[in-house]
Amino acid sequence: MFSFVFRCLARLPLPLLHRLGTLAGWLVVLLSATYRQQVRENLRQAGYDDRKLLWRAAAEAGKSVLELPYVWLRPQADVLARTTTRHWDLVEAARASGRGIVFLTPHLGCFEVTAQYFAVNPNDAAPITVLYRPPRKDFLHPLIAASRMRTHLKLAPADLSGVRRLVRALKRGEAVGLLPDQVPSRGEGVWAEHFGRAAYTMTLPAKLHELTGATLLLAWGERLAQGAGWIVHIVPFEEALPIGAAGQAAAINRAMEALVRLCPEQYFWGYKRYKIPRGVNPPGT
């Protein structure tokens, strides 16, 4: 049933999906006190105490969910036709060096479209392997896996086998994609500040960079108004990574914060970024 609804939604025009997403986002804020409080707390932690921003963020979160059928199931040409890019020369320069690329993309805008654009760009298409965490519901796994695996786009599970795939891809000079603001499992992260509060942060991006010499680039997909599509922004990682996992994680978090500041209403503030994973000691203990 879920798969049928998902495929039906994919046939709708993107502007309509975004309007429906706006309504859905507002409805969740109205009906869920828990979600509303989570968004408010995360916004305040980042220094935002604007009620209007809460509603704009809720609308964008709803759009991010309702646009997924379009991004995953429509022909790649449809998605590509609605996607433009900024500073793609950074990608070209990184590829010309012969090294791999580690794309770091926070939960900002349409983060699903960034990897797709790299994989299907008609002037510069190339393979990319994206780390992903399988859904908790087993019935969702076939749909999500089949939807995300497009031409030149491969998936790697968030486990040891997936990390090995990423390393092999980078050593071939290919690209990989990560969500560095996703809370890792025990043993895969360290505590580092995120908007002034300790957050368990993955150490994998820095390890991949050190192991393979891959170029670190930031990427995020800005969602345009009126369902016009997306702009994939490529941003250089300008801060030199220090020695040590904690310092490296903090540097990557600072880079993610800077991206979020560019378009705070499109960040997924409802995500439980500060949760303590099972088996991990709280910070300071």
# chains A, B, ... in the order shown; residues from 1 in each chain; ligands from 1
>>> closest_atom_pairs(of="region 56-91 of chain A", to="region 17-24 of chain A", cutoff="9 Å", atoms="only C-alpha atoms", output="Markdown table")
| residue | atom | partner | partner_atom | distance |
| --- | --- | --- | --- | --- |
| A:Arg56 | CA | A:Thr22 | CA | 8.6 |
| A:Ala58 | CA | A:Thr22 | CA | 7.3 |
| A:Ala59 | CA | A:Thr22 | CA | 4.1 |
| A:Glu60 | CA | A:Thr22 | CA | 6.6 |
| A:Ala61 | CA | A:Gly21 | CA | 7.6 |
| A:Gly62 | CA | A:Gly21 | CA | 4.1 |
| A:Lys63 | CA | A:Gly21 | CA | 4.1 |
| A:Ser64 | CA | A:Gly21 | CA | 7.4 |
| A:Val65 | CA | A:Gly21 | CA | 6.9 |
| A:Leu66 | CA | A:Gly21 | CA | 5.3 |
| A:Glu67 | CA | A:Leu17 | CA | 6.1 |
| A:Tyr70 | CA | A:Leu17 | CA | 8.4 |
>>> write_last_selection(atoms="N, CA and C atoms", output="compact mmCIF listing (two decimals), in the first residue's frame")
# COMPACT_ATOMS: atom_id res chain seq x y z
N ARG A 56 8.29 28.44 8.94
CA ARG A 56 8.95 28.27 7.65
C ARG A 56 9.74 26.97 7.62
N ALA A 58 9.08 24.29 9.36
CA ALA A 58 8.12 23.19 9.30
C ALA A 58 7.63 22.98 7.87
N ALA A 59 7.38 24.08 7.17
CA ALA A 59 6.93 23.98 5.77
C ALA A 59 8.00 23.32 4.90
N GLU A 60 9.26 23.72 5.10
CA GLU A 60 10.34 23.14 4.30
C GLU A 60 10.57 21.67 4.63
N ALA A 61 10.39 21.31 5.91
CA ALA A 61 10.52 19.91 6.29
C ALA A 61 9.44 19.08 5.60
N GLY A 62 8.23 19.61 5.54
CA GLY A 62 7.16 18.91 4.83
C GLY A 62 7.45 18.77 3.35
N LYS A 63 8.01 19.81 2.76
CA LYS A 63 8.38 19.73 1.35
C LYS A 63 9.44 18.66 1.12
N SER A 64 10.39 18.55 2.06
CA SER A 64 11.48 17.59 1.90
C SER A 64 10.95 16.16 1.86
N VAL A 65 9.85 15.90 2.57
CA VAL A 65 9.27 14.56 2.57
C VAL A 65 8.44 14.33 1.31
N LEU A 66 7.60 15.30 0.95
CA LEU A 66 6.70 15.10 -0.19
C LEU A 66 7.43 15.16 -1.53
N GLU A 67 8.63 15.71 -1.58
CA GLU A 67 9.37 15.74 -2.85
C GLU A 67 10.15 14.45 -3.09
N TYR A 70 9.14 12.28 -6.07
CA TYR A 70 9.54 12.91 -7.33
C TYR A 70 11.03 12.68 -7.59
>>> closest_atom_pairs(of="region 140-223 of chain A", to="region 109-123 of chain A", cutoff="7 Å", atoms="only C-alpha atoms", output="CSV")
residue,atom,partner,partner_atom,distance
A:Thr151,CA,A:Ala119,CA,6.8
A:His152,CA,A:Ala119,CA,5.2
A:Leu153,CA,A:Ala119,CA,5.8
A:Gly177,CA,A:Ala115,CA,6.9
A:Ala219,CA,A:Thr114,CA,6.8
A:Trp220,CA,A:Phe111,CA,5.9
A:Gly221,CA,A:Cys110,CA,4.9
A:Glu222,CA,A:Gly109,CA,5.0
A:Arg223,CA,A:Gly109,CA,5.6
>>> select_by_dssp(residues="region 126-275 of chain A", states="helix (DSSP H, G or I)", output="CSV table (one decimal) with C-alpha atoms, in the first residue's frame")
chain,number,residue,atom,x,y,z
A,138,ASP,CA,11.8,-3.8,6.8
A,139,PHE,CA,9.0,-3.2,4.3
A,140,LEU,CA,10.5,0.1,3.3
A,141,HIS,CA,13.9,-1.2,2.5
A,142,PRO,CA,13.2,-2.6,-1.0
A,143,LEU,CA,11.5,0.6,-2.1
A,144,ILE,CA,14.1,2.9,-0.8
A,145,ALA,CA,17.0,0.9,-2.1
A,146,ALA,CA,15.5,0.5,-5.5
A,147,SER,CA,14.6,4.2,-5.7
A,148,ARG,CA,17.9,5.5,-4.7
A,160,LEU,CA,32.0,-1.9,8.1
A,161,SER,CA,31.2,-3.4,4.7
A,162,GLY,CA,29.8,0.0,3.6
A,163,VAL,CA,32.9,1.8,4.8
A,164,ARG,CA,35.1,-0.6,2.8
A,165,ARG,CA,33.0,0.2,-0.3
A,166,LEU,CA,33.6,3.9,0.3
A,167,VAL,CA,37.4,3.4,0.6
A,168,ARG,CA,37.5,1.3,-2.6
A,169,ALA,CA,35.5,4.0,-4.5
A,170,LEU,CA,37.8,6.8,-3.3
A,171,LYS,CA,41.0,4.8,-4.2
A,204,LEU,CA,34.4,8.8,9.2
A,205,PRO,CA,34.8,11.9,6.9
A,206,ALA,CA,38.2,12.8,8.3
A,207,LYS,CA,39.3,9.2,8.3
A,208,LEU,CA,38.4,8.8,4.6
A,209,HIS,CA,40.3,12.0,3.8
A,210,GLU,CA,43.4,10.9,5.7
A,211,LEU,CA,43.4,7.4,4.3
A,212,THR,CA,42.9,8.2,0.7
A,225,ALA,CA,10.2,28.6,-4.3
A,226,GLN,CA,7.0,27.7,-6.1
A,227,GLY,CA,8.3,24.2,-6.9
A,245,ALA,CA,39.4,12.9,16.0
A,246,ALA,CA,37.8,15.4,18.3
A,247,GLY,CA,39.3,18.5,16.6
A,248,GLN,CA,38.5,17.1,13.2
A,249,ALA,CA,34.9,16.5,14.1
A,250,ALA,CA,34.6,20.0,15.5
A,251,ALA,CA,36.0,21.5,12.3
A,252,ILE,CA,33.5,19.6,10.2
A,253,ASN,CA,30.7,20.6,12.5
A,254,ARG,CA,31.7,24.3,12.1
A,255,ALA,CA,31.6,23.8,8.3
A,256,MET,CA,28.1,22.4,8.5
A,257,GLU,CA,27.0,25.2,10.8
A,258,ALA,CA,28.2,27.8,8.2
A,259,LEU,CA,26.1,26.1,5.5
A,260,VAL,CA,23.0,26.0,7.7
A,261,ARG,CA,23.4,29.8,8.4
A,262,LEU,CA,23.1,30.4,4.7
A,264,PRO,CA,18.3,28.2,8.2
A,265,GLU,CA,14.7,27.6,7.2
A,266,GLN,CA,15.7,24.7,5.1
>>> residues_around(residues="Ala228 (chain A)", least_positions_apart="2", cutoff="8 Å", atoms="only C-alpha atoms", output="list in words")
Leu14, Pro15, Arg82, Leu224, Ala225, Gln226 and Trp230 of chain A
>>> residues_around(residues="Glu188 (chain A)", least_positions_apart="6", cutoff="10 Å", atoms="only C-alpha atoms", output="list in words")
Asp159, Tyr200, Thr201, Met202, Thr203 and Leu204 of chain A
>>> write_last_selection(atoms="C-alpha atoms", output="mmCIF file, in the first residue's frame")
data_model
loop_
_atom_site.group_PDB
_atom_site.id
_atom_site.type_symbol
_atom_site.label_atom_id
_atom_site.label_comp_id
_atom_site.auth_asym_id
_atom_site.auth_seq_id
_atom_site.Cartn_x
_atom_site.Cartn_y
_atom_site.Cartn_z
ATOM 1 C CA ASP A 159 28.450 -0.558 8.609
ATOM 2 C CA TYR A 200 28.015 12.865 19.040
ATOM 3 C CA THR A 201 29.692 13.367 15.663
ATOM 4 C CA MET A 202 30.951 10.856 13.108
ATOM 5 C CA THR A 203 34.690 10.561 12.583
ATOM 6 C CA LEU A 204 34.416 8.823 9.202
#
>>> residues_around(residues="Leu104 (chain A)", least_positions_apart="5", cutoff="7 Å", atoms="only C-alpha atoms", output="MDAnalysis selection string")
chainID A and resid 177:180 217:219
>>> residues_around(residues="Arg36 (chain A)", least_positions_apart="2", cutoff="12 Å", atoms="only C-alpha atoms", output="count of residues only")
24
>>> closest_residue(among="A:Arg86, A:Lys52, A:Arg172, A:Lys154", to="Gly98 (chain A)", atoms="only C-alpha atoms")
A:Arg172
>>> select_by_dssp(residues="region 40-201 of chain A", states="strand (DSSP E or B)", output="PyMOL selection string")
chain A and resi 83-86+101-104+108-109+128-132+153-157+175-178+189-194+197-201
>>> closest_atom_pairs(of="region 70-106 of chain A", to="region 126-134 of chain A", cutoff="12 Å", atoms="only C-alpha atoms", output="Markdown table")
| residue | atom | partner | partner_atom | distance |
| --- | --- | --- | --- | --- |
| A:Val91 | CA | A:Ala126 | CA | 10.9 |
| A:Glu92 | CA | A:Ala126 | CA | 11.1 |
| A:Arg95 | CA | A:Ala126 | CA | 9.8 |
| A:Gly100 | CA | A:Ile128 | CA | 9.8 |
| A:Ile101 | CA | A:Ile128 | CA | 9.0 |
| A:Val102 | CA | A:Ile128 | CA | 9.5 |
| A:Phe103 | CA | A:Val130 | CA | 9.2 |
| A:Leu104 | CA | A:Val130 | CA | 10.4 |
| A:Thr105 | CA | A:Val130 | CA | 10.7 |
>>> write_last_selection(atoms="C-alpha atoms", output="mmCIF file, in the first residue's frame")
data_model
loop_
_atom_site.group_PDB
_atom_site.id
_atom_site.type_symbol
_atom_site.label_atom_id
_atom_site.label_comp_id
_atom_site.auth_asym_id
_atom_site.auth_seq_id
_atom_site.Cartn_x
_atom_site.Cartn_y
_atom_site.Cartn_z
ATOM 1 C CA VAL A 91 34.207 19.532 -8.628
ATOM 2 C CA GLU A 92 36.003 19.675 -11.958
ATOM 3 C CA ARG A 95 38.394 15.352 -10.364
ATOM 4 C CA GLY A 100 38.535 10.960 -4.988
ATOM 5 C CA ILE A 101 35.975 13.382 -3.556
ATOM 6 C CA VAL A 102 34.213 13.211 -0.202
ATOM 7 C CA PHE A 103 31.007 15.241 -0.423
ATOM 8 C CA LEU A 104 29.752 16.417 2.977
ATOM 9 C CA THR A 105 26.039 17.277 2.908
#
>>> atom_distance(atom1="CA of Glu239 (chain A)", atom2="CA of Ala125 (chain A)")
27.9 Å
>>> closest_residue(among="A:Pro69, A:Gly244, A:Tyr35, A:Val183", to="Val5 (chain A)", atoms="only C-alpha atoms")
A:Pro69
>>> decode(residues="region 69-94 of chain A", atoms="N, CA and C atoms", output="short mmCIF file (atom, residue, chain, number, x, y, z; two decimals), in the first residue's frame")
data_model
loop_
_atom_site.label_atom_id
_atom_site.label_comp_id
_atom_site.auth_asym_id
_atom_site.auth_seq_id
_atom_site.Cartn_x
_atom_site.Cartn_y
_atom_site.Cartn_z
N PRO A 69 9.20 11.24 -3.46
CA PRO A 69 8.73 10.41 -4.57
C PRO A 69 9.17 10.97 -5.93
N TYR A 70 9.14 12.28 -6.07
CA TYR A 70 9.54 12.91 -7.33
C TYR A 70 11.03 12.68 -7.59
N VAL A 71 11.85 12.90 -6.57
CA VAL A 71 13.30 12.77 -6.74
C VAL A 71 13.71 11.32 -6.97
N TRP A 72 13.07 10.41 -6.28
CA TRP A 72 13.47 9.00 -6.35
C TRP A 72 12.90 8.25 -7.53
N LEU A 73 11.65 8.55 -7.92
CA LEU A 73 10.96 7.69 -8.88
C LEU A 73 10.73 8.31 -10.25
N ARG A 74 10.80 9.61 -10.35
CA ARG A 74 10.66 10.20 -11.69
C ARG A 74 11.91 9.92 -12.51
N PRO A 75 11.79 9.93 -13.86
CA PRO A 75 12.98 9.76 -14.70
C PRO A 75 14.05 10.77 -14.31
N GLN A 76 15.29 10.34 -14.35
CA GLN A 76 16.37 11.23 -13.96
C GLN A 76 16.39 12.51 -14.78
N ALA A 77 15.94 12.43 -16.02
CA ALA A 77 15.90 13.63 -16.86
C ALA A 77 14.96 14.68 -16.28
N ASP A 78 13.86 14.26 -15.65
CA ASP A 78 12.93 15.21 -15.04
C ASP A 78 13.58 15.94 -13.87
N VAL A 79 14.30 15.19 -13.04
CA VAL A 79 14.98 15.80 -11.90
C VAL A 79 16.09 16.72 -12.37
N LEU A 80 16.84 16.27 -13.36
CA LEU A 80 17.95 17.07 -13.87
C LEU A 80 17.46 18.37 -14.49
N ALA A 81 16.29 18.33 -15.15
CA ALA A 81 15.76 19.52 -15.79
C ALA A 81 15.41 20.62 -14.78
N ARG A 82 15.17 20.23 -13.55
CA ARG A 82 14.81 21.21 -12.51
C ARG A 82 15.98 21.52 -11.58
N THR A 83 17.18 21.08 -11.95
CA THR A 83 18.34 21.27 -11.08
C THR A 83 19.43 22.05 -11.81
N THR A 84 19.92 23.08 -11.14
CA THR A 84 21.09 23.82 -11.63
C THR A 84 22.18 23.74 -10.57
N THR A 85 23.32 24.31 -10.85
CA THR A 85 24.43 24.21 -9.90
C THR A 85 25.20 25.52 -9.80
N ARG A 86 25.91 25.66 -8.70
CA ARG A 86 26.78 26.81 -8.47
C ARG A 86 28.17 26.29 -8.08
N HIS A 87 29.19 26.85 -8.70
CA HIS A 87 30.59 26.54 -8.39
C HIS A 87 30.95 25.09 -8.70
N TRP A 88 30.44 24.59 -9.82
CA TRP A 88 30.78 23.23 -10.25
C TRP A 88 32.25 23.12 -10.63
N ASP A 89 32.90 24.24 -10.85
CA ASP A 89 34.32 24.21 -11.18
C ASP A 89 35.15 23.60 -10.07
N LEU A 90 34.65 23.67 -8.83
CA LEU A 90 35.36 23.03 -7.71
C LEU A 90 35.37 21.51 -7.87
N VAL A 91 34.28 20.97 -8.37
CA VAL A 91 34.21 19.53 -8.63
C VAL A 91 35.15 19.16 -9.76
N GLU A 92 35.14 19.95 -10.82
CA GLU A 92 36.00 19.67 -11.96
C GLU A 92 37.47 19.70 -11.57
N ALA A 93 37.85 20.67 -10.72
CA ALA A 93 39.24 20.77 -10.28
C ALA A 93 39.62 19.57 -9.41
N ALA A 94 38.71 19.14 -8.55
CA ALA A 94 38.98 17.99 -7.69
C ALA A 94 39.15 16.72 -8.52
#
